[in-house]
>>> print(open('model.csv').read())   # CSV, N, CA and C atoms
chain,number,residue,atom,x,y,z
A,1371,MET,N,0.8,-1.2,0.0
A,1371,MET,CA,0.0,0.0,0.0
A,1371,MET,C,0.9,1.3,0.0
A,1372,SER,N,1.9,1.3,0.9
A,1372,SER,CA,2.7,2.5,0.9
A,1372,SER,C,3.5,2.7,-0.3
A,1373,ARG,N,3.9,1.6,-1.0
A,1373,ARG,CA,4.6,1.6,-2.3
A,1373,ARG,C,3.7,2.3,-3.3
A,1374,THR,N,2.4,1.9,-3.4
A,1374,THR,CA,1.5,2.5,-4.3
A,1374,THR,C,1.3,4.0,-4.1
A,1375,ILE,N,1.2,4.4,-2.8
A,1375,ILE,CA,1.1,5.8,-2.5
A,1375,ILE,C,2.3,6.6,-2.9
A,1376,MET,N,3.5,6.0,-2.6
A,1376,MET,CA,4.8,6.6,-2.9
A,1376,MET,C,4.9,6.8,-4.5
A,1377,THR,N,4.5,5.8,-5.2
A,1377,THR,CA,4.6,5.8,-6.7
A,1377,THR,C,3.6,6.9,-7.2
A,1378,SER,N,2.4,7.0,-6.6
A,1378,SER,CA,1.4,8.0,-7.0
A,1378,SER,C,1.9,9.4,-6.7
A,1379,MET,N,2.5,9.6,-5.5
A,1379,MET,CA,3.0,10.9,-5.1
A,1379,MET,C,4.2,11.3,-6.1
A,1380,LEU,N,5.0,10.4,-6.4
A,1380,LEU,CA,6.1,10.7,-7.3
A,1380,LEU,C,5.6,11.1,-8.7
A,1381,ALA,N,4.6,10.3,-9.2
A,1381,ALA,CA,4.0,10.6,-10.5
A,1381,ALA,C,3.4,12.0,-10.5
A,1382,LEU,N,2.7,12.3,-9.4
A,1382,LEU,CA,2.0,13.6,-9.3
A,1382,LEU,C,3.1,14.7,-9.2
A,1383,SER,N,4.1,14.5,-8.5
A,1383,SER,CA,5.2,15.5,-8.3
A,1383,SER,C,5.8,15.8,-9.7
A,1384,LEU,N,6.1,14.7,-10.4
A,1384,LEU,CA,6.7,14.9,-11.8
A,1384,LEU,C,5.8,15.6,-12.7
A,1385,ALA,N,4.5,15.3,-12.7
A,1385,ALA,CA,3.5,16.0,-13.5
A,1385,ALA,C,3.5,17.5,-13.2
A,1386,LEU,N,3.4,17.8,-11.9
A,1386,LEU,CA,3.4,19.2,-11.5
A,1386,LEU,C,4.7,19.9,-11.9
A,1387,SER,N,5.8,19.3,-11.8
A,1387,SER,CA,7.1,19.8,-12.1
A,1387,SER,C,7.1,20.1,-13.6
A,1388,ALA,N,6.7,19.2,-14.4
A,1388,ALA,CA,6.6,19.3,-15.9
A,1388,ALA,C,5.7,20.5,-16.3
A,1389,SER,N,4.6,20.6,-15.7
A,1389,SER,CA,3.6,21.7,-16.0
A,1389,SER,C,4.2,23.0,-15.6
A,1390,SER,N,4.9,23.1,-14.5
A,1390,SER,CA,5.4,24.4,-14.1
A,1390,SER,C,6.6,24.8,-15.1
A,1391,MET,N,7.4,23.8,-15.5
A,1391,MET,CA,8.4,24.1,-16.5
A,1391,MET,C,7.8,24.6,-17.8
A,1392,ALA,N,6.7,24.0,-18.3
A,1392,ALA,CA,6.1,24.4,-19.5
A,1392,ALA,C,5.6,25.8,-19.3
A,1393,TYR,N,5.0,26.1,-18.1
A,1393,TYR,CA,4.5,27.5,-17.9
A,1393,TYR,C,5.6,28.5,-17.9
A,1394,ALA,N,6.8,28.1,-17.3
A,1394,ALA,CA,7.9,29.0,-17.3
A,1394,ALA,C,8.4,29.3,-18.7
A,1395,ASP,N,8.4,28.3,-19.6
A,1395,ASP,CA,8.8,28.5,-21.0
A,1395,ASP,C,7.9,29.5,-21.7
A,1396,MET,N,6.7,29.6,-21.3
A,1396,MET,CA,5.7,30.5,-22.0
A,1396,MET,C,5.7,31.9,-21.4
A,1397,ALA,N,6.4,32.2,-20.3
A,1397,ALA,CA,6.5,33.5,-19.7
A,1397,ALA,C,7.2,34.4,-20.7
A,1398,ALA,N,6.8,35.7,-20.7
A,1398,ALA,CA,7.4,36.7,-21.6
A,1398,ALA,C,8.9,36.7,-21.4
A,1399,PRO,N,9.7,36.8,-22.5
A,1399,PRO,CA,11.1,36.7,-22.3
A,1399,PRO,C,11.7,38.1,-21.8
A,1400,ALA,N,10.9,39.1,-21.8
A,1400,ALA,CA,11.4,40.4,-21.4
A,1400,ALA,C,10.5,41.0,-20.3
A,1401,ARG,N,11.0,42.1,-19.8
A,1401,ARG,CA,10.2,42.9,-18.8
A,1401,ARG,C,9.9,44.2,-19.3
A,1402,VAL,N,8.8,44.8,-18.8
A,1402,VAL,CA,8.5,46.2,-19.2
A,1402,VAL,C,8.9,47.0,-18.0
A,1403,ILE,N,9.7,48.1,-18.2
A,1403,ILE,CA,10.1,49.0,-17.1
A,1403,ILE,C,9.8,50.4,-17.5
A,1404,MET,N,9.8,51.3,-16.5
A,1404,MET,CA,9.6,52.7,-16.8
A,1404,MET,C,11.0,53.3,-16.9
A,1405,HIS,N,11.3,54.0,-17.9
A,1405,HIS,CA,12.6,54.8,-18.0
A,1405,HIS,C,12.1,56.3,-18.2
A,1406,GLY,N,12.1,57.0,-17.1
A,1406,GLY,CA,11.5,58.3,-17.1
A,1406,GLY,C,10.0,58.2,-17.2
A,1407,GLN,N,9.5,58.8,-18.2
A,1407,GLN,CA,8.0,58.6,-18.5
A,1407,GLN,C,7.7,57.6,-19.6
A,1408,THR,N,8.7,56.9,-20.0
A,1408,THR,CA,8.6,56.0,-21.2
A,1408,THR,C,8.7,54.5,-20.7
A,1409,LYS,N,7.8,53.7,-21.2
A,1409,LYS,CA,7.9,52.2,-21.0
A,1409,LYS,C,8.8,51.6,-22.0
A,1410,ILE,N,9.8,50.8,-21.5
A,1410,ILE,CA,10.7,50.2,-22.5
A,1410,ILE,C,10.8,48.7,-22.1
A,1411,LEU,N,11.3,47.9,-23.1
A,1411,LEU,CA,11.5,46.5,-22.8
A,1411,LEU,C,13.0,46.2,-22.4
A,1412,THR,N,13.2,45.4,-21.4
A,1412,THR,CA,14.5,44.9,-21.0
A,1412,THR,C,14.5,43.4,-20.9
A,1413,ASP,N,15.7,42.9,-20.9
A,1413,ASP,CA,15.8,41.4,-20.7
A,1413,ASP,C,15.6,41.2,-19.2
A,1414,ALA,N,15.6,39.9,-18.8
A,1414,ALA,CA,15.4,39.6,-17.4
A,1414,ALA,C,16.3,40.2,-16.4
A,1415,HIS,N,17.5,40.7,-16.9
A,1415,HIS,CA,18.5,41.2,-16.0
A,1415,HIS,C,18.5,42.8,-16.1
A,1416,GLY,N,17.5,43.3,-16.8
A,1416,GLY,CA,17.4,44.8,-16.9
A,1416,GLY,C,18.2,45.5,-18.0
A,1417,TRP,N,18.8,44.7,-18.9
A,1417,TRP,CA,19.5,45.3,-20.0
A,1417,TRP,C,18.5,45.8,-21.0
A,1418,SER,N,18.6,47.0,-21.5
A,1418,SER,CA,17.7,47.6,-22.5
A,1418,SER,C,17.7,46.8,-23.8
A,1419,LEU,N,16.6,46.7,-24.4
A,1419,LEU,CA,16.4,46.0,-25.7
A,1419,LEU,C,16.1,47.1,-26.8
A,1420,TYR,N,16.6,46.8,-28.0
A,1420,TYR,CA,16.6,47.7,-29.1
A,1420,TYR,C,16.0,47.0,-30.4
A,1421,THR,N,15.5,47.9,-31.3
A,1421,THR,CA,15.1,47.5,-32.6
A,1421,THR,C,16.0,48.2,-33.6
A,1422,PHE,N,16.1,47.6,-34.8
A,1422,PHE,CA,16.9,48.1,-35.9
A,1422,PHE,C,16.1,48.4,-37.1
A,1423,ASP,N,16.1,49.7,-37.6
A,1423,ASP,CA,15.2,50.1,-38.7
A,1423,ASP,C,15.5,49.3,-40.0
A,1424,GLU,N,16.7,48.7,-40.2
A,1424,GLU,CA,17.1,48.0,-41.4
A,1424,GLU,C,16.5,46.6,-41.4
A,1425,ASP,N,16.0,46.1,-40.3
A,1425,ASP,CA,15.4,44.7,-40.2
A,1425,ASP,C,14.1,44.7,-41.0
A,1426,GLN,N,13.9,43.5,-41.5
A,1426,GLN,CA,12.6,43.2,-42.2
A,1426,GLN,C,11.7,42.4,-41.1
A,1427,PRO,N,10.4,42.5,-41.2
A,1427,PRO,CA,9.6,41.7,-40.2
A,1427,PRO,C,10.0,40.3,-40.2
A,1428,GLY,N,10.4,39.8,-39.0
A,1428,GLY,CA,10.8,38.4,-38.9
A,1428,GLY,C,12.2,38.0,-39.4
A,1429,LYS,N,13.0,39.0,-39.8
A,1429,LYS,CA,14.3,38.7,-40.3
A,1429,LYS,C,15.3,39.8,-39.9
A,1430,SER,N,16.4,39.3,-39.3
A,1430,SER,CA,17.5,40.2,-38.9
A,1430,SER,C,18.4,40.5,-40.0
A,1431,GLU,N,18.7,41.8,-40.2
A,1431,GLU,CA,19.7,42.3,-41.1
A,1431,GLU,C,21.0,42.7,-40.4
A,1432,CYS,N,21.0,42.5,-39.1
A,1432,CYS,CA,22.2,42.9,-38.3
A,1432,CYS,C,23.1,41.6,-38.1
A,1433,THR,N,24.1,41.5,-38.9
A,1433,THR,CA,25.0,40.3,-38.9
A,1433,THR,C,26.5,40.8,-38.7
A,1434,LEU,N,27.4,39.8,-38.6
A,1434,LEU,CA,28.8,40.1,-38.5
A,1434,LEU,C,29.2,41.2,-37.5
A,1435,LEU,N,29.8,42.3,-38.0
A,1435,LEU,CA,30.3,43.3,-37.1
A,1435,LEU,C,29.1,44.0,-36.4
A,1436,CYS,N,28.0,44.2,-37.1
A,1436,CYS,CA,26.8,44.7,-36.5
A,1436,CYS,C,26.4,43.9,-35.3
A,1437,ALA,N,26.4,42.6,-35.4
A,1437,ALA,CA,25.9,41.8,-34.3
A,1437,ALA,C,27.0,41.7,-33.2
A,1438,THR,N,28.2,42.2,-33.4
A,1438,THR,CA,29.2,42.3,-32.4
A,1438,THR,C,28.8,43.5,-31.5
A,1439,ALA,N,28.5,44.6,-32.1
A,1439,ALA,CA,28.1,45.8,-31.4
A,1439,ALA,C,26.7,45.7,-30.8
A,1440,TRP,N,25.8,45.0,-31.5
A,1440,TRP,CA,24.4,44.9,-31.1
A,1440,TRP,C,24.1,43.4,-31.0
A,1441,PRO,N,24.4,42.7,-29.9
A,1441,PRO,CA,24.2,41.3,-29.8
A,1441,PRO,C,22.7,41.0,-29.8
A,1442,PRO,N,22.3,40.0,-30.6
A,1442,PRO,CA,20.9,39.6,-30.7
A,1442,PRO,C,20.4,39.1,-29.3
A,1443,PHE,N,19.2,39.4,-29.0
A,1443,PHE,CA,18.5,38.9,-27.8
A,1443,PHE,C,18.2,37.4,-28.1
A,1444,GLU,N,19.1,36.6,-27.7
A,1444,GLU,CA,19.0,35.1,-28.0
A,1444,GLU,C,17.9,34.4,-27.2
A,1445,ALA,N,17.3,33.4,-27.8
A,1445,ALA,CA,16.3,32.6,-27.1
A,1445,ALA,C,16.8,31.2,-27.0
A,1446,PRO,N,16.5,30.5,-25.9
A,1446,PRO,CA,16.9,29.1,-25.8
A,1446,PRO,C,16.1,28.2,-26.7
A,1447,ALA,N,16.6,27.1,-27.0
A,1447,ALA,CA,15.9,26.1,-28.0
A,1447,ALA,C,14.5,25.8,-27.4
A,1448,SER,N,14.3,25.8,-26.1
A,1448,SER,CA,13.1,25.5,-25.5
A,1448,SER,C,12.1,26.6,-25.5
A,1449,ALA,N,12.4,27.8,-26.0
A,1449,ALA,CA,11.6,28.9,-26.0
A,1449,ALA,C,10.2,28.7,-26.7
A,1450,ARG,N,9.2,29.3,-26.2
A,1450,ARG,CA,7.8,29.2,-26.8
A,1450,ARG,C,7.3,30.6,-27.0
A,1451,THR,N,6.6,30.8,-28.0
A,1451,THR,CA,6.1,32.1,-28.3
A,1451,THR,C,4.7,32.3,-27.8
A,1452,SER,N,4.3,33.5,-27.6
A,1452,SER,CA,2.9,33.8,-27.2
A,1452,SER,C,2.7,35.3,-27.4
A,1453,GLY,N,1.5,35.7,-27.7
A,1453,GLY,CA,1.1,37.1,-27.8
A,1453,GLY,C,1.9,37.8,-28.9
A,1454,HIS,N,2.6,38.9,-28.6
A,1454,HIS,CA,3.4,39.6,-29.6
A,1454,HIS,C,4.8,39.1,-29.8
A,1455,TRP,N,5.1,38.1,-29.0
A,1455,TRP,CA,6.5,37.5,-29.0
A,1455,TRP,C,6.6,36.4,-30.0
A,1456,SER,N,7.7,36.5,-30.8
A,1456,SER,CA,7.9,35.5,-31.8
A,1456,SER,C,9.4,35.2,-31.8
A,1457,LEU,N,9.8,34.2,-32.6
A,1457,LEU,CA,11.2,33.8,-32.7
A,1457,LEU,C,11.6,33.8,-34.2
A,1458,ILE,N,12.8,34.2,-34.4
A,1458,ILE,CA,13.4,34.2,-35.8
A,1458,ILE,C,14.6,33.3,-35.7
A,1459,ARG,N,15.0,32.7,-36.7
A,1459,ARG,CA,16.2,31.9,-36.8
A,1459,ARG,C,17.2,32.7,-37.6
A,1460,ARG,N,18.3,33.1,-37.0
A,1460,ARG,CA,19.4,33.9,-37.6
A,1460,ARG,C,20.1,33.0,-38.6
A,1461,SER,N,20.8,33.6,-39.5
A,1461,SER,CA,21.6,32.8,-40.5
A,1461,SER,C,22.6,31.9,-39.8
A,1462,SER,N,23.0,32.2,-38.6
A,1462,SER,CA,23.9,31.3,-37.9
A,1462,SER,C,23.2,30.1,-37.2
A,1463,GLY,N,21.9,30.1,-37.3
A,1463,GLY,CA,21.1,29.1,-36.7
A,1463,GLY,C,20.6,29.4,-35.3
A,1464,VAL,N,21.1,30.5,-34.7
A,1464,VAL,CA,20.7,30.9,-33.4
A,1464,VAL,C,19.3,31.4,-33.4
A,1465,LEU,N,18.5,31.1,-32.4
A,1465,LEU,CA,17.1,31.7,-32.2
A,1465,LEU,C,17.2,33.1,-31.6
A,1466,GLN,N,16.5,34.0,-32.1
A,1466,GLN,CA,16.4,35.4,-31.6
A,1466,GLN,C,15.0,35.8,-31.3
A,1467,TRP,N,14.8,36.5,-30.2
A,1467,TRP,CA,13.4,36.9,-29.9
A,1467,TRP,C,13.1,38.1,-30.7
A,1468,ALA,N,11.8,38.2,-31.1
A,1468,ALA,CA,11.3,39.4,-31.8
A,1468,ALA,C,10.0,39.8,-31.1
A,1469,TYR,N,9.7,41.1,-31.1
A,1469,TYR,CA,8.5,41.6,-30.5
A,1469,TYR,C,7.8,42.4,-31.6
A,1470,LYS,N,6.5,42.0,-31.8
A,1470,LYS,CA,5.7,42.5,-32.9
A,1470,LYS,C,6.4,42.4,-34.2
A,1471,GLY,N,7.1,41.3,-34.4
A,1471,GLY,CA,7.9,41.0,-35.6
A,1471,GLY,C,9.2,41.6,-35.7
A,1472,SER,N,9.6,42.5,-34.8
A,1472,SER,CA,10.9,43.2,-34.9
A,1472,SER,C,11.9,42.4,-34.0
A,1473,PRO,N,13.0,42.0,-34.7
A,1473,PRO,CA,14.1,41.3,-33.9
A,1473,PRO,C,14.6,42.3,-32.8
A,1474,LEU,N,15.0,41.7,-31.7
A,1474,LEU,CA,15.5,42.5,-30.6
A,1474,LEU,C,17.0,42.3,-30.3
A,1475,TYR,N,17.6,43.3,-29.8
A,1475,TYR,CA,19.1,43.3,-29.6
A,1475,TYR,C,19.4,44.0,-28.3
A,1476,THR,N,20.6,43.7,-27.7
A,1476,THR,CA,21.1,44.6,-26.6
A,1476,THR,C,22.2,45.4,-27.3
A,1477,TYR,N,22.9,46.2,-26.5
A,1477,TYR,CA,23.9,47.1,-27.0
A,1477,TYR,C,25.2,47.0,-26.2
A,1478,ARG,N,26.3,46.8,-26.9
A,1478,ARG,CA,27.6,46.6,-26.2
A,1478,ARG,C,28.0,47.8,-25.3
A,1479,LEU,N,27.6,49.0,-25.7
A,1479,LEU,CA,28.1,50.2,-25.0
A,1479,LEU,C,27.1,50.5,-23.9
A,1480,ASP,N,26.1,49.8,-23.6
A,1480,ASP,CA,25.3,49.9,-22.4
A,1480,ASP,C,26.2,49.1,-21.3
A,1481,PHE,N,26.7,49.8,-20.4
A,1481,PHE,CA,27.7,49.1,-19.4
A,1481,PHE,C,27.0,48.6,-18.2
A,1482,LYS,N,25.8,49.0,-18.0
A,1482,LYS,CA,25.0,48.5,-16.8
A,1482,LYS,C,23.5,48.4,-17.1
A,1483,PRO,N,22.8,47.6,-16.4
A,1483,PRO,CA,21.4,47.5,-16.7
A,1483,PRO,C,20.7,48.8,-16.6
A,1484,GLY,N,19.7,49.1,-17.4
A,1484,GLY,CA,19.0,50.3,-17.4
A,1484,GLY,C,19.6,51.4,-18.2
A,1485,GLU,N,20.8,51.3,-18.7
A,1485,GLU,CA,21.4,52.3,-19.6
A,1485,GLU,C,20.7,52.2,-21.0
A,1486,ILE,N,20.7,53.4,-21.7
A,1486,ILE,CA,20.0,53.4,-23.0
A,1486,ILE,C,20.9,54.1,-24.0
A,1487,ARG,N,22.2,53.9,-23.9
A,1487,ARG,CA,23.1,54.6,-24.8
A,1487,ARG,C,22.8,54.3,-26.3
A,1488,GLY,N,22.2,53.2,-26.6
A,1488,GLY,CA,22.0,52.9,-28.0
A,1488,GLY,C,20.8,53.6,-28.6
A,1489,ASP,N,19.9,54.2,-27.8
A,1489,ASP,CA,18.7,54.8,-28.4
A,1489,ASP,C,19.0,55.9,-29.3
A,1490,GLY,N,18.6,55.8,-30.5
A,1490,GLY,CA,18.8,56.8,-31.5
A,1490,GLY,C,20.1,56.7,-32.3
A,1491,ALA,N,20.9,55.7,-31.9
A,1491,ALA,CA,22.3,55.5,-32.6
A,1491,ALA,C,22.1,55.5,-34.1
A,1492,GLU,N,22.9,56.3,-34.8
A,1492,GLU,CA,22.9,56.4,-36.2
A,1492,GLU,C,21.5,56.6,-36.8
A,1493,GLY,N,20.6,57.0,-36.0
A,1493,GLY,CA,19.2,57.3,-36.4
A,1493,GLY,C,18.4,56.1,-36.8
A,1494,ILE,N,19.0,54.9,-36.6
A,1494,ILE,CA,18.3,53.7,-37.0
A,1494,ILE,C,18.1,52.6,-35.9
A,1495,TRP,N,18.6,52.9,-34.7
A,1495,TRP,CA,18.5,52.1,-33.5
A,1495,TRP,C,17.6,52.7,-32.5
A,1496,HIS,N,16.6,52.0,-32.0
A,1496,HIS,CA,15.6,52.6,-31.1
A,1496,HIS,C,15.3,51.6,-29.9
A,1497,LEU,N,15.0,52.2,-28.8
A,1497,LEU,CA,14.6,51.4,-27.6
A,1497,LEU,C,13.3,50.6,-28.0
A,1498,ALA,N,13.3,49.4,-27.6
A,1498,ALA,CA,12.1,48.5,-27.9
A,1498,ALA,C,11.0,49.0,-26.9
A,1499,LYS,N,9.8,49.2,-27.4
A,1499,LYS,CA,8.7,49.7,-26.5
A,1499,LYS,C,7.5,48.7,-26.6
A,1500,PRO,N,6.8,48.5,-25.5
A,1500,PRO,CA,5.6,47.6,-25.6
A,1500,PRO,C,4.5,48.3,-26.4
>>> encode(input="model.csv", output="structure tokens")
Amino acid sequence: MSRTIMTSMLALSLALSASSMAYADMAAPARVIMHGQTKILTDAHGWSLYTFDEDQPGKSECTLLCATAWPPFEAPASARTSGHWSLIRRSSGVLQWAYKGSPLYTYRLDFKPGEIRGDGAEGIWHLAKP
């Protein structure tokens, strides 16, 4: 009897664990924070996210040296999309998060979370906004 109860408890525990992992994968990959009077998107660690005017919907045009200065906001292989969030596959095979179809990036010259040094860079880089 106790063996049956233990087995049932283990099965229930595994099922709950699996469902919570699936739920975690569906959580939004970024946060919305206030920067002054403006809402912006950041990664989970508070690093500002940016969009690039040269990108096409669902396709990144920022490669090679561009991607060195503007690292793609990478997604794990287990990532799941929902709402305005989507995934694109870069030419390197890496998955990158996109918001409303726009691929997202961080900026190498933001030296700490919350900085927005990349906003307006070259007139073609902008803070990602919800």
>>> residues_around(input="model.csv", residues="Leu1419 of chain A", least_positions_apart="2", cutoff="7 Å", atoms="only C-alpha atoms", output="list of chain:residue names")
A:Leu1411, A:Thr1412, A:Asp1413, A:Trp1417, A:Leu1474, A:Tyr1475, A:Thr1476, A:Leu1497, A:Ala1498
>>> atom_distance(input="model.csv", atom1="atom CA of Pro1442 of chain A", atom2="atom CA of Pro1473 of chain A")
7.7 Å
>>> select_by_dssp(input="model.csv", residues="segment 1427-1479 of chain A", states="strand (DSSP E)", output="PyMOL selection string")
chain A and resi 1455-1459+1465-1469+1472-1473
>>> atom_distance(input="model.csv", atom1="atom CA of Ser1448 of chain A", atom2="atom CA of Ser1462 of chain A")
17.4 Å
>>> residues_around(input="model.csv", residues="segment 1401-1408 of chain A", least_positions_apart="4", cutoff="9 Å", atoms="only C-alpha atoms", output="ChimeraX atom specification")
/A:1412-1416,1484,1499-1500
>>> select_by_dssp(input="model.csv", residues="segment 1384-1493 of chain A", states="alpha helix (DSSP H)", output="PDB file with N, CA and C atoms, keeping the file's coordinate frame")
ATOM      1  N   LEU A1384       6.100  14.700 -10.400  1.00  0.00           N
ATOM      2  CA  LEU A1384       6.700  14.900 -11.800  1.00  0.00           C
ATOM      3  C   LEU A1384       5.800  15.600 -12.700  1.00  0.00           C
ATOM      4  N   ALA A1385       4.500  15.300 -12.700  1.00  0.00           N
ATOM      5  CA  ALA A1385       3.500  16.000 -13.500  1.00  0.00           C
ATOM      6  C   ALA A1385       3.500  17.500 -13.200  1.00  0.00           C
ATOM      7  N   LEU A1386       3.400  17.800 -11.900  1.00  0.00           N
ATOM      8  CA  LEU A1386       3.400  19.200 -11.500  1.00  0.00           C
ATOM      9  C   LEU A1386       4.700  19.900 -11.900  1.00  0.00           C
ATOM     10  N   SER A1387       5.800  19.300 -11.800  1.00  0.00           N
ATOM     11  CA  SER A1387       7.100  19.800 -12.100  1.00  0.00           C
ATOM     12  C   SER A1387       7.100  20.100 -13.600  1.00  0.00           C
ATOM     13  N   ALA A1388       6.700  19.200 -14.400  1.00  0.00           N
ATOM     14  CA  ALA A1388       6.600  19.300 -15.900  1.00  0.00           C
ATOM     15  C   ALA A1388       5.700  20.500 -16.300  1.00  0.00           C
ATOM     16  N   SER A1389       4.600  20.600 -15.700  1.00  0.00           N
ATOM     17  CA  SER A1389       3.600  21.700 -16.000  1.00  0.00           C
ATOM     18  C   SER A1389       4.200  23.000 -15.600  1.00  0.00           C
ATOM     19  N   SER A1390       4.900  23.100 -14.500  1.00  0.00           N
ATOM     20  CA  SER A1390       5.400  24.400 -14.100  1.00  0.00           C
ATOM     21  C   SER A1390       6.600  24.800 -15.100  1.00  0.00           C
ATOM     22  N   MET A1391       7.400  23.800 -15.500  1.00  0.00           N
ATOM     23  CA  MET A1391       8.400  24.100 -16.500  1.00  0.00           C
ATOM     24  C   MET A1391       7.800  24.600 -17.800  1.00  0.00           C
ATOM     25  N   ALA A1392       6.700  24.000 -18.300  1.00  0.00           N
ATOM     26  CA  ALA A1392       6.100  24.400 -19.500  1.00  0.00           C
ATOM     27  C   ALA A1392       5.600  25.800 -19.300  1.00  0.00           C
ATOM     28  N   TYR A1393       5.000  26.100 -18.100  1.00  0.00           N
ATOM     29  CA  TYR A1393       4.500  27.500 -17.900  1.00  0.00           C
ATOM     30  C   TYR A1393       5.600  28.500 -17.900  1.00  0.00           C
ATOM     31  N   ALA A1394       6.800  28.100 -17.300  1.00  0.00           N
ATOM     32  CA  ALA A1394       7.900  29.000 -17.300  1.00  0.00           C
ATOM     33  C   ALA A1394       8.400  29.300 -18.700  1.00  0.00           C
ATOM     34  N   ASP A1395       8.400  28.300 -19.600  1.00  0.00           N
ATOM     35  CA  ASP A1395       8.800  28.500 -21.000  1.00  0.00           C
ATOM     36  C   ASP A1395       7.900  29.500 -21.700  1.00  0.00           C
ATOM     37  N   MET A1396       6.700  29.600 -21.300  1.00  0.00           N
ATOM     38  CA  MET A1396       5.700  30.500 -22.000  1.00  0.00           C
ATOM     39  C   MET A1396       5.700  31.900 -21.400  1.00  0.00           C
ATOM     40  N   LEU A1435      29.800  42.300 -38.000  1.00  0.00           N
ATOM     41  CA  LEU A1435      30.300  43.300 -37.100  1.00  0.00           C
ATOM     42  C   LEU A1435      29.100  44.000 -36.400  1.00  0.00           C
ATOM     43  N   CYS A1436      28.000  44.200 -37.100  1.00  0.00           N
ATOM     44  CA  CYS A1436      26.800  44.700 -36.500  1.00  0.00           C
ATOM     45  C   CYS A1436      26.400  43.900 -35.300  1.00  0.00           C
ATOM     46  N   ALA A1437      26.400  42.600 -35.400  1.00  0.00           N
ATOM     47  CA  ALA A1437      25.900  41.800 -34.300  1.00  0.00           C
ATOM     48  C   ALA A1437      27.000  41.700 -33.200  1.00  0.00           C
ATOM     49  N   THR A1438      28.200  42.200 -33.400  1.00  0.00           N
ATOM     50  CA  THR A1438      29.200  42.300 -32.400  1.00  0.00           C
ATOM     51  C   THR A1438      28.800  43.500 -31.500  1.00  0.00           C
ATOM     52  N   ALA A1439      28.500  44.600 -32.100  1.00  0.00           N
ATOM     53  CA  ALA A1439      28.100  45.800 -31.400  1.00  0.00           C
ATOM     54  C   ALA A1439      26.700  45.700 -30.800  1.00  0.00           C
TER      55      ALA A1439
END
>>> residues_around(input="model.csv", residues="Arg1459 of chain A", least_positions_apart="6", cutoff="7 Å", atoms="only N, CA and C atoms", output="ChimeraX atom specification")
/A:1428,1430,1465-1466
>>> atom_distance(input="model.csv", atom1="atom CA of Ala1439 of chain A", atom2="atom CA of Leu1479 of chain A")
7.8 Å
>>> closest_residue(input="model.csv", among="A:Ser1472, A:Thr1433, A:Ser1461, A:Thr1421", to="Trp1495 of chain A", atoms="only N, CA and C atoms")
A:Thr1421
